[in-house]
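File shown here: entry-v5.txt, holding compact mmCIF, N, CA and C atoms and all ligand atoms.
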# COMPACT_ATOMS: atom_id res chain seq x y z
N MET A 1 -8.16 7.27 -32.74
CA MET A 1 -8.58 5.86 -32.70
C MET A 1 -9.59 5.63 -31.57
N ARG A 2 -10.47 4.73 -31.79
CA ARG A 2 -11.55 4.49 -30.85
C ARG A 2 -11.22 3.26 -29.98
N THR A 3 -11.50 3.38 -28.71
CA THR A 3 -11.31 2.24 -27.81
C THR A 3 -12.63 1.51 -27.70
N SER A 4 -12.58 0.20 -27.56
CA SER A 4 -13.80 -0.58 -27.65
C SER A 4 -14.77 -0.35 -26.48
N LYS A 5 -14.23 -0.06 -25.27
CA LYS A 5 -15.06 0.10 -24.06
C LYS A 5 -15.82 -1.18 -23.72
N LYS A 6 -15.44 -2.26 -24.32
CA LYS A 6 -16.13 -3.51 -24.04
C LYS A 6 -15.40 -4.26 -22.94
N TYR A 7 -15.27 -3.61 -21.80
CA TYR A 7 -14.53 -4.28 -20.74
C TYR A 7 -15.10 -3.86 -19.40
N SER A 8 -14.78 -4.61 -18.38
CA SER A 8 -15.07 -4.19 -17.02
C SER A 8 -13.83 -4.48 -16.17
N ILE A 9 -13.65 -3.71 -15.12
CA ILE A 9 -12.52 -3.90 -14.22
C ILE A 9 -13.03 -4.65 -12.99
N LYS A 10 -12.43 -5.80 -12.74
CA LYS A 10 -12.90 -6.65 -11.64
C LYS A 10 -11.70 -7.28 -10.95
N LYS A 11 -11.98 -7.89 -9.82
CA LYS A 11 -10.93 -8.63 -9.12
C LYS A 11 -10.53 -9.86 -9.91
N SER A 12 -9.22 -10.09 -10.01
CA SER A 12 -8.74 -11.31 -10.63
C SER A 12 -7.71 -11.92 -9.68
N ARG A 13 -7.08 -13.00 -10.09
CA ARG A 13 -6.09 -13.65 -9.22
C ARG A 13 -4.89 -12.75 -8.94
N ALA A 14 -4.60 -11.87 -9.88
CA ALA A 14 -3.41 -11.01 -9.74
C ALA A 14 -3.83 -9.59 -9.37
N GLY A 15 -4.81 -9.45 -8.47
CA GLY A 15 -5.32 -8.11 -8.14
C GLY A 15 -6.42 -7.75 -9.10
N LEU A 16 -6.59 -6.45 -9.38
CA LEU A 16 -7.62 -6.07 -10.33
C LEU A 16 -7.21 -6.46 -11.73
N GLY A 17 -8.21 -6.76 -12.53
CA GLY A 17 -7.93 -7.14 -13.91
C GLY A 17 -8.99 -6.59 -14.83
N MET A 18 -8.73 -6.64 -16.11
CA MET A 18 -9.70 -6.18 -17.10
C MET A 18 -10.33 -7.39 -17.78
N PHE A 19 -11.65 -7.37 -17.87
CA PHE A 19 -12.38 -8.50 -18.44
C PHE A 19 -13.25 -8.03 -19.59
N ALA A 20 -13.42 -8.89 -20.56
CA ALA A 20 -14.26 -8.55 -21.71
C ALA A 20 -15.72 -8.52 -21.28
N ALA A 21 -16.39 -7.39 -21.52
CA ALA A 21 -17.81 -7.25 -21.19
C ALA A 21 -18.67 -7.51 -22.43
N GLY A 22 -18.01 -7.67 -23.54
CA GLY A 22 -18.67 -8.00 -24.80
C GLY A 22 -17.64 -8.72 -25.64
N PRO A 23 -18.05 -9.41 -26.69
CA PRO A 23 -17.07 -10.10 -27.52
C PRO A 23 -16.14 -9.10 -28.20
N ILE A 24 -14.87 -9.43 -28.26
CA ILE A 24 -13.87 -8.57 -28.90
C ILE A 24 -13.30 -9.33 -30.09
N ARG A 25 -13.30 -8.67 -31.23
CA ARG A 25 -12.81 -9.32 -32.44
C ARG A 25 -11.30 -9.36 -32.47
N LYS A 26 -10.76 -10.35 -33.17
CA LYS A 26 -9.33 -10.41 -33.42
C LYS A 26 -8.89 -9.13 -34.13
N GLY A 27 -7.83 -8.53 -33.63
CA GLY A 27 -7.29 -7.33 -34.26
C GLY A 27 -7.92 -6.04 -33.76
N GLU A 28 -8.94 -6.15 -32.91
CA GLU A 28 -9.61 -4.95 -32.40
C GLU A 28 -8.74 -4.24 -31.37
N LEU A 29 -8.81 -2.90 -31.37
CA LEU A 29 -8.11 -2.10 -30.37
C LEU A 29 -8.85 -2.22 -29.05
N VAL A 30 -8.16 -2.68 -28.02
CA VAL A 30 -8.79 -2.86 -26.70
C VAL A 30 -8.57 -1.63 -25.84
N ALA A 31 -7.37 -1.10 -25.83
CA ALA A 31 -7.07 0.06 -24.99
C ALA A 31 -5.76 0.69 -25.45
N GLU A 32 -5.59 1.96 -25.11
CA GLU A 32 -4.28 2.58 -25.29
C GLU A 32 -3.63 2.68 -23.93
N TYR A 33 -2.35 2.36 -23.88
CA TYR A 33 -1.60 2.49 -22.64
C TYR A 33 -1.11 3.93 -22.55
N VAL A 34 -1.81 4.74 -21.76
CA VAL A 34 -1.50 6.17 -21.73
C VAL A 34 -0.72 6.54 -20.48
N GLY A 35 0.01 7.62 -20.55
CA GLY A 35 0.76 8.10 -19.41
C GLY A 35 1.76 9.14 -19.84
N LYS A 36 2.64 9.44 -18.92
CA LYS A 36 3.63 10.49 -19.15
C LYS A 36 4.83 9.89 -19.86
N LEU A 37 5.30 10.58 -20.89
CA LEU A 37 6.51 10.15 -21.59
C LEU A 37 7.73 10.59 -20.78
N ILE A 38 8.53 9.65 -20.36
CA ILE A 38 9.74 9.98 -19.60
C ILE A 38 10.93 9.26 -20.24
N SER A 39 12.13 9.73 -19.94
CA SER A 39 13.31 9.07 -20.51
C SER A 39 13.55 7.76 -19.77
N ASN A 40 14.24 6.84 -20.39
CA ASN A 40 14.56 5.58 -19.73
C ASN A 40 15.41 5.80 -18.49
N LYS A 41 16.21 6.85 -18.53
CA LYS A 41 17.05 7.19 -17.37
C LYS A 41 16.15 7.54 -16.17
N GLU A 42 15.16 8.40 -16.41
CA GLU A 42 14.20 8.75 -15.37
C GLU A 42 13.46 7.52 -14.86
N ALA A 43 13.08 6.66 -15.80
CA ALA A 43 12.34 5.45 -15.44
C ALA A 43 13.17 4.58 -14.51
N ASP A 44 14.46 4.44 -14.81
CA ASP A 44 15.34 3.63 -13.97
C ASP A 44 15.47 4.23 -12.58
N GLU A 45 15.51 5.56 -12.51
CA GLU A 45 15.65 6.23 -11.21
C GLU A 45 14.39 6.11 -10.37
N HIS A 46 13.22 6.28 -11.01
CA HIS A 46 11.96 6.24 -10.26
C HIS A 46 11.50 4.82 -9.95
N GLY A 47 11.70 3.92 -10.87
CA GLY A 47 11.19 2.57 -10.72
C GLY A 47 9.67 2.57 -10.79
N GLY A 48 9.05 1.44 -10.49
CA GLY A 48 7.58 1.38 -10.50
C GLY A 48 7.08 0.27 -11.38
N ARG A 49 5.83 -0.06 -11.16
CA ARG A 49 5.24 -1.21 -11.83
C ARG A 49 4.57 -0.86 -13.15
N TYR A 50 4.33 0.43 -13.39
CA TYR A 50 3.53 0.79 -14.56
C TYR A 50 4.38 1.47 -15.63
N LEU A 51 5.64 1.08 -15.67
CA LEU A 51 6.54 1.65 -16.67
C LEU A 51 6.54 0.75 -17.89
N PHE A 52 6.36 1.33 -19.05
CA PHE A 52 6.32 0.56 -20.28
C PHE A 52 7.35 1.18 -21.22
N ALA A 53 8.48 0.49 -21.41
CA ALA A 53 9.53 1.00 -22.29
C ALA A 53 9.09 0.87 -23.74
N ILE A 54 9.18 1.97 -24.48
CA ILE A 54 8.74 1.91 -25.88
C ILE A 54 9.91 1.80 -26.85
N ASN A 55 11.08 2.25 -26.43
CA ASN A 55 12.28 2.04 -27.26
C ASN A 55 13.50 2.24 -26.37
N SER A 56 14.66 2.37 -26.98
CA SER A 56 15.89 2.44 -26.19
C SER A 56 16.03 3.78 -25.44
N ARG A 57 15.17 4.75 -25.73
CA ARG A 57 15.27 6.06 -25.07
C ARG A 57 14.08 6.42 -24.20
N TRP A 58 12.91 5.96 -24.57
CA TRP A 58 11.70 6.47 -23.92
C TRP A 58 10.85 5.39 -23.26
N THR A 59 10.18 5.82 -22.20
CA THR A 59 9.29 4.95 -21.45
C THR A 59 8.00 5.71 -21.19
N ILE A 60 6.88 5.01 -21.16
CA ILE A 60 5.64 5.64 -20.72
C ILE A 60 5.38 5.23 -19.28
N ASP A 61 5.19 6.25 -18.42
CA ASP A 61 4.84 5.99 -17.03
C ASP A 61 3.31 6.00 -16.95
N GLY A 62 2.75 4.82 -16.86
CA GLY A 62 1.29 4.67 -16.91
C GLY A 62 0.63 4.62 -15.55
N THR A 63 1.22 5.30 -14.57
CA THR A 63 0.67 5.26 -13.21
C THR A 63 -0.68 5.97 -13.11
N THR A 64 -0.92 6.95 -13.97
CA THR A 64 -2.17 7.73 -13.92
C THR A 64 -3.42 6.84 -13.94
N ARG A 65 -4.43 7.26 -13.19
CA ARG A 65 -5.67 6.47 -13.13
C ARG A 65 -6.43 6.50 -14.45
N LYS A 66 -6.09 7.48 -15.28
CA LYS A 66 -6.72 7.54 -16.61
C LYS A 66 -6.27 6.37 -17.49
N ASN A 67 -5.18 5.75 -17.08
CA ASN A 67 -4.63 4.66 -17.88
C ASN A 67 -5.30 3.33 -17.54
N ILE A 68 -6.44 3.07 -18.13
CA ILE A 68 -7.16 1.84 -17.81
C ILE A 68 -6.36 0.60 -18.23
N ALA A 69 -5.45 0.78 -19.18
CA ALA A 69 -4.65 -0.37 -19.65
C ALA A 69 -3.75 -0.92 -18.56
N ARG A 70 -3.55 -0.14 -17.49
CA ARG A 70 -2.70 -0.65 -16.41
C ARG A 70 -3.39 -1.79 -15.66
N TYR A 71 -4.70 -1.94 -15.84
CA TYR A 71 -5.41 -3.05 -15.19
C TYR A 71 -5.27 -4.37 -15.95
N ILE A 72 -4.70 -4.30 -17.14
CA ILE A 72 -4.52 -5.53 -17.91
C ILE A 72 -3.35 -6.30 -17.32
N ASN A 73 -3.62 -7.53 -16.89
CA ASN A 73 -2.59 -8.34 -16.24
C ASN A 73 -1.74 -9.10 -17.26
N HIS A 74 -0.61 -9.57 -16.76
CA HIS A 74 0.29 -10.37 -17.58
C HIS A 74 -0.24 -11.79 -17.76
N ALA A 75 -0.02 -12.36 -18.92
CA ALA A 75 -0.21 -13.80 -19.10
C ALA A 75 0.88 -14.31 -20.04
N CYS A 76 1.26 -15.55 -19.82
CA CYS A 76 2.30 -16.15 -20.65
C CYS A 76 1.75 -16.62 -22.00
N ARG A 77 0.44 -16.88 -22.06
CA ARG A 77 -0.24 -17.18 -23.33
C ARG A 77 -1.38 -16.18 -23.45
N PRO A 78 -1.05 -14.93 -23.76
CA PRO A 78 -2.04 -13.84 -23.69
C PRO A 78 -3.00 -13.80 -24.87
N ASN A 79 -4.09 -13.04 -24.71
CA ASN A 79 -5.02 -12.87 -25.83
C ASN A 79 -4.87 -11.51 -26.50
N CYS A 80 -3.98 -10.67 -25.96
CA CYS A 80 -3.72 -9.37 -26.57
C CYS A 80 -2.22 -9.15 -26.72
N GLU A 81 -1.88 -8.17 -27.55
CA GLU A 81 -0.47 -7.80 -27.63
C GLU A 81 -0.34 -6.31 -27.84
N PRO A 82 0.68 -5.71 -27.21
CA PRO A 82 0.89 -4.28 -27.37
C PRO A 82 1.60 -3.98 -28.68
N GLU A 83 1.25 -2.85 -29.26
CA GLU A 83 1.94 -2.41 -30.46
C GLU A 83 2.37 -0.96 -30.23
N VAL A 84 3.64 -0.71 -30.40
CA VAL A 84 4.16 0.64 -30.21
C VAL A 84 4.14 1.37 -31.55
N VAL A 85 3.49 2.53 -31.57
CA VAL A 85 3.44 3.36 -32.77
C VAL A 85 3.96 4.73 -32.36
N GLY A 86 5.15 5.06 -32.80
CA GLY A 86 5.77 6.31 -32.37
C GLY A 86 5.96 6.27 -30.87
N HIS A 87 5.35 7.24 -30.16
CA HIS A 87 5.46 7.27 -28.70
C HIS A 87 4.17 6.82 -28.03
N ARG A 88 3.38 6.05 -28.75
CA ARG A 88 2.12 5.58 -28.16
C ARG A 88 2.08 4.06 -28.16
N ILE A 89 1.30 3.52 -27.23
CA ILE A 89 1.20 2.07 -27.09
C ILE A 89 -0.27 1.67 -27.19
N PHE A 90 -0.56 0.81 -28.12
CA PHE A 90 -1.93 0.33 -28.30
C PHE A 90 -1.97 -1.16 -28.00
N ILE A 91 -3.04 -1.57 -27.31
CA ILE A 91 -3.20 -2.98 -26.96
C ILE A 91 -4.27 -3.57 -27.89
N TYR A 92 -3.86 -4.50 -28.71
CA TYR A 92 -4.77 -5.11 -29.69
C TYR A 92 -5.08 -6.56 -29.31
N ALA A 93 -6.26 -7.01 -29.68
CA ALA A 93 -6.63 -8.41 -29.46
C ALA A 93 -5.89 -9.28 -30.48
N LYS A 94 -5.21 -10.30 -29.98
CA LYS A 94 -4.48 -11.24 -30.85
C LYS A 94 -5.41 -12.28 -31.44
N ARG A 95 -6.52 -12.46 -30.76
CA ARG A 95 -7.50 -13.45 -31.20
C ARG A 95 -8.86 -12.98 -30.70
N LYS A 96 -9.90 -13.70 -31.07
CA LYS A 96 -11.24 -13.38 -30.58
C LYS A 96 -11.27 -13.59 -29.06
N ILE A 97 -11.89 -12.65 -28.34
CA ILE A 97 -11.99 -12.77 -26.89
C ILE A 97 -13.47 -12.84 -26.52
N ASN A 98 -13.80 -13.84 -25.75
CA ASN A 98 -15.20 -14.05 -25.38
C ASN A 98 -15.58 -13.25 -24.14
N VAL A 99 -16.88 -13.02 -23.97
CA VAL A 99 -17.39 -12.30 -22.81
C VAL A 99 -16.92 -13.00 -21.54
N GLY A 100 -16.44 -12.23 -20.59
CA GLY A 100 -16.04 -12.79 -19.30
C GLY A 100 -14.59 -13.21 -19.24
N GLU A 101 -13.92 -13.29 -20.39
CA GLU A 101 -12.51 -13.66 -20.39
C GLU A 101 -11.65 -12.51 -19.88
N GLU A 102 -10.64 -12.85 -19.14
CA GLU A 102 -9.72 -11.79 -18.71
C GLU A 102 -8.83 -11.38 -19.89
N ILE A 103 -8.64 -10.07 -20.01
CA ILE A 103 -7.79 -9.52 -21.08
C ILE A 103 -6.35 -9.46 -20.56
N THR A 104 -5.43 -10.00 -21.36
CA THR A 104 -4.04 -10.10 -20.91
C THR A 104 -3.08 -9.81 -22.05
N TYR A 105 -1.87 -9.43 -21.68
CA TYR A 105 -0.79 -9.44 -22.66
C TYR A 105 0.50 -9.85 -21.96
N ASP A 106 1.49 -10.16 -22.75
CA ASP A 106 2.77 -10.61 -22.21
C ASP A 106 3.61 -9.38 -21.86
N TYR A 107 3.97 -9.24 -20.58
CA TYR A 107 4.71 -8.06 -20.12
C TYR A 107 6.18 -8.07 -20.55
N GLY A 108 6.64 -9.21 -21.03
CA GLY A 108 8.05 -9.28 -21.45
C GLY A 108 8.94 -9.82 -20.35
N LYS A 109 10.08 -10.31 -20.76
CA LYS A 109 10.96 -11.07 -19.88
C LYS A 109 11.48 -10.24 -18.70
N GLU A 110 11.86 -9.00 -18.97
CA GLU A 110 12.47 -8.18 -17.92
C GLU A 110 11.50 -7.98 -16.75
N TYR A 111 10.27 -7.58 -17.09
CA TYR A 111 9.25 -7.36 -16.07
C TYR A 111 8.92 -8.67 -15.35
N PHE A 112 8.78 -9.73 -16.15
CA PHE A 112 8.44 -11.04 -15.59
C PHE A 112 9.47 -11.45 -14.54
N ASP A 113 10.75 -11.36 -14.90
CA ASP A 113 11.81 -11.79 -13.99
C ASP A 113 11.85 -10.95 -12.72
N GLU A 114 11.56 -9.66 -12.85
CA GLU A 114 11.67 -8.77 -11.70
C GLU A 114 10.44 -8.83 -10.78
N PHE A 115 9.24 -8.82 -11.36
CA PHE A 115 8.04 -8.67 -10.54
C PHE A 115 7.17 -9.92 -10.43
N ILE A 116 7.16 -10.76 -11.44
CA ILE A 116 6.20 -11.86 -11.46
C ILE A 116 6.82 -13.16 -10.97
N GLN A 117 7.97 -13.50 -11.49
CA GLN A 117 8.65 -14.74 -11.13
C GLN A 117 8.80 -14.93 -9.61
N PRO A 118 9.23 -13.89 -8.87
CA PRO A 118 9.43 -14.08 -7.42
C PRO A 118 8.18 -14.55 -6.67
N LYS A 119 6.99 -14.10 -7.12
CA LYS A 119 5.74 -14.47 -6.44
C LYS A 119 5.07 -15.67 -7.09
N GLY A 120 5.51 -16.01 -8.28
CA GLY A 120 4.86 -17.07 -9.05
C GLY A 120 3.82 -16.48 -9.96
N CYS A 121 3.84 -16.87 -11.22
CA CYS A 121 2.91 -16.32 -12.19
C CYS A 121 1.51 -16.85 -11.94
N GLN A 122 0.49 -15.95 -11.95
CA GLN A 122 -0.90 -16.32 -11.68
C GLN A 122 -1.70 -16.51 -12.97
N CYS A 123 -1.07 -16.51 -14.11
CA CYS A 123 -1.84 -16.64 -15.35
C CYS A 123 -2.37 -18.07 -15.49
N SER A 124 -3.41 -18.23 -16.29
CA SER A 124 -4.08 -19.54 -16.36
C SER A 124 -3.14 -20.62 -16.91
N TYR A 125 -2.28 -20.23 -17.83
CA TYR A 125 -1.33 -21.18 -18.40
C TYR A 125 -0.41 -21.74 -17.31
N CYS A 126 0.14 -20.85 -16.49
CA CYS A 126 1.06 -21.28 -15.43
C CYS A 126 0.34 -22.07 -14.33
N ARG A 127 -0.89 -21.65 -14.01
CA ARG A 127 -1.65 -22.39 -12.98
C ARG A 127 -1.96 -23.80 -13.45
N ASN A 128 -2.24 -23.95 -14.74
CA ASN A 128 -2.57 -25.28 -15.26
C ASN A 128 -1.36 -26.20 -15.35
N LYS A 129 -0.18 -25.59 -15.41
CA LYS A 129 1.05 -26.39 -15.49
C LYS A 129 1.33 -27.10 -14.19
N LYS A 130 0.82 -26.52 -13.05
CA LYS A 130 1.15 -27.06 -11.73
C LYS A 130 0.39 -28.35 -11.44
ZN ZN A 201 2.27 -17.34 -16.64
In structure tokens, write the structure found in this file.
Amino acid sequence: MRTSKKYSIKKSRAGLGMFAAGPIRKGELVAEYVGKLISNKEADEHGGRYLFAINSRWTIDGTTRKNIARYINHACRPNCEPEVVGHRIFIYAKRKINVGEEITYDYGKEYFDEFIQPKGCQCSYCRNKK
């Protein structure tokens, strides 16, 4: 599968983020979340921010710098969504994304409660609520 490469990595409110450098169509593959396949048991022991559980047994540890998808920040009303296919994770655009828009997906409740909630969510939806 081909990755769009239509992105740039820049500073965002939540640290580095991925931004659309060209228009991205709805349904287009934005990035693959790559990394080492580890068991959920290992993931629990190691901990870390770049762990992506794919099912009840396996997790991808996306700490590697090759994993550009790790720059995609969380949003509560995201423009992308991850899709797990076997042991791989693909990030697809949920809707059309315009140039300059930050690319986001929903990290899920567990991650949100552990890492995002304590500091306050920086996504545009949450900022606008305040
Ligand atoms: Zn939010």
**Request:** Taking the DSSP assignment computed from this structure's backbone, write out as JSON, numbers by chain all residues of chain A that belong to strand (DSSP E or B).
**Result:** {"A": [7, 8, 9, 10, 11, 12, 15, 16, 17, 18, 19, 20, 24, 29, 30, 31, 32, 33, 36, 37, 38, 39, 51, 52, 53, 58, 59, 60, 61, 73, 74, 80, 81, 82, 83, 84, 85, 88, 89, 90, 91, 92, 93, 97, 102, 104, 105]}
Near-Lys10 (chain A) list (8 Å; only N, CA and C atoms; drop same-chain fewer than 5 positions) as a compact mmCIF listing (two decimals) with N, CA and C atoms, in the frame of the given file:
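Final file, out31.txt:
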# COMPACT_ATOMS: atom_id res chain seq x y z
N GLY A 15 -4.81 -9.45 -8.47
CA GLY A 15 -5.32 -8.11 -8.14
C GLY A 15 -6.42 -7.75 -9.10
N LEU A 16 -6.59 -6.45 -9.38
CA LEU A 16 -7.62 -6.07 -10.33
C LEU A 16 -7.21 -6.46 -11.73
N GLY A 17 -8.21 -6.76 -12.53
CA GLY A 17 -7.93 -7.14 -13.91
C GLY A 17 -8.99 -6.59 -14.83
N MET A 18 -8.73 -6.64 -16.11
CA MET A 18 -9.70 -6.18 -17.10
C MET A 18 -10.33 -7.39 -17.78
N PHE A 19 -11.65 -7.37 -17.87
CA PHE A 19 -12.38 -8.50 -18.44
C PHE A 19 -13.25 -8.03 -19.59
N TYR A 71 -4.70 -1.94 -15.84
CA TYR A 71 -5.41 -3.05 -15.19
C TYR A 71 -5.27 -4.37 -15.95
**Prompt:** Out of region 5-100 of chain A, which residues get alpha helix (DSSP H) from DSSP, as an MDAnalysis selection string?
**Reply:** chainID A and resid 40:46
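Of the residues listed (A:Lys94, A:Lys11, A:Lys109, A:Lys6), A:Lys6 shows the shortest atom-to-atom separation from Pro23 (chain A); distances use only N, CA and C atoms.
If you measure from each of A:Arg13, A:Glu83, A:Val34, A:Asn40 to ligand ZN 201 (chain A) using only C-alpha atoms and all ligand atoms, the closest one turns out to be A:Arg13.
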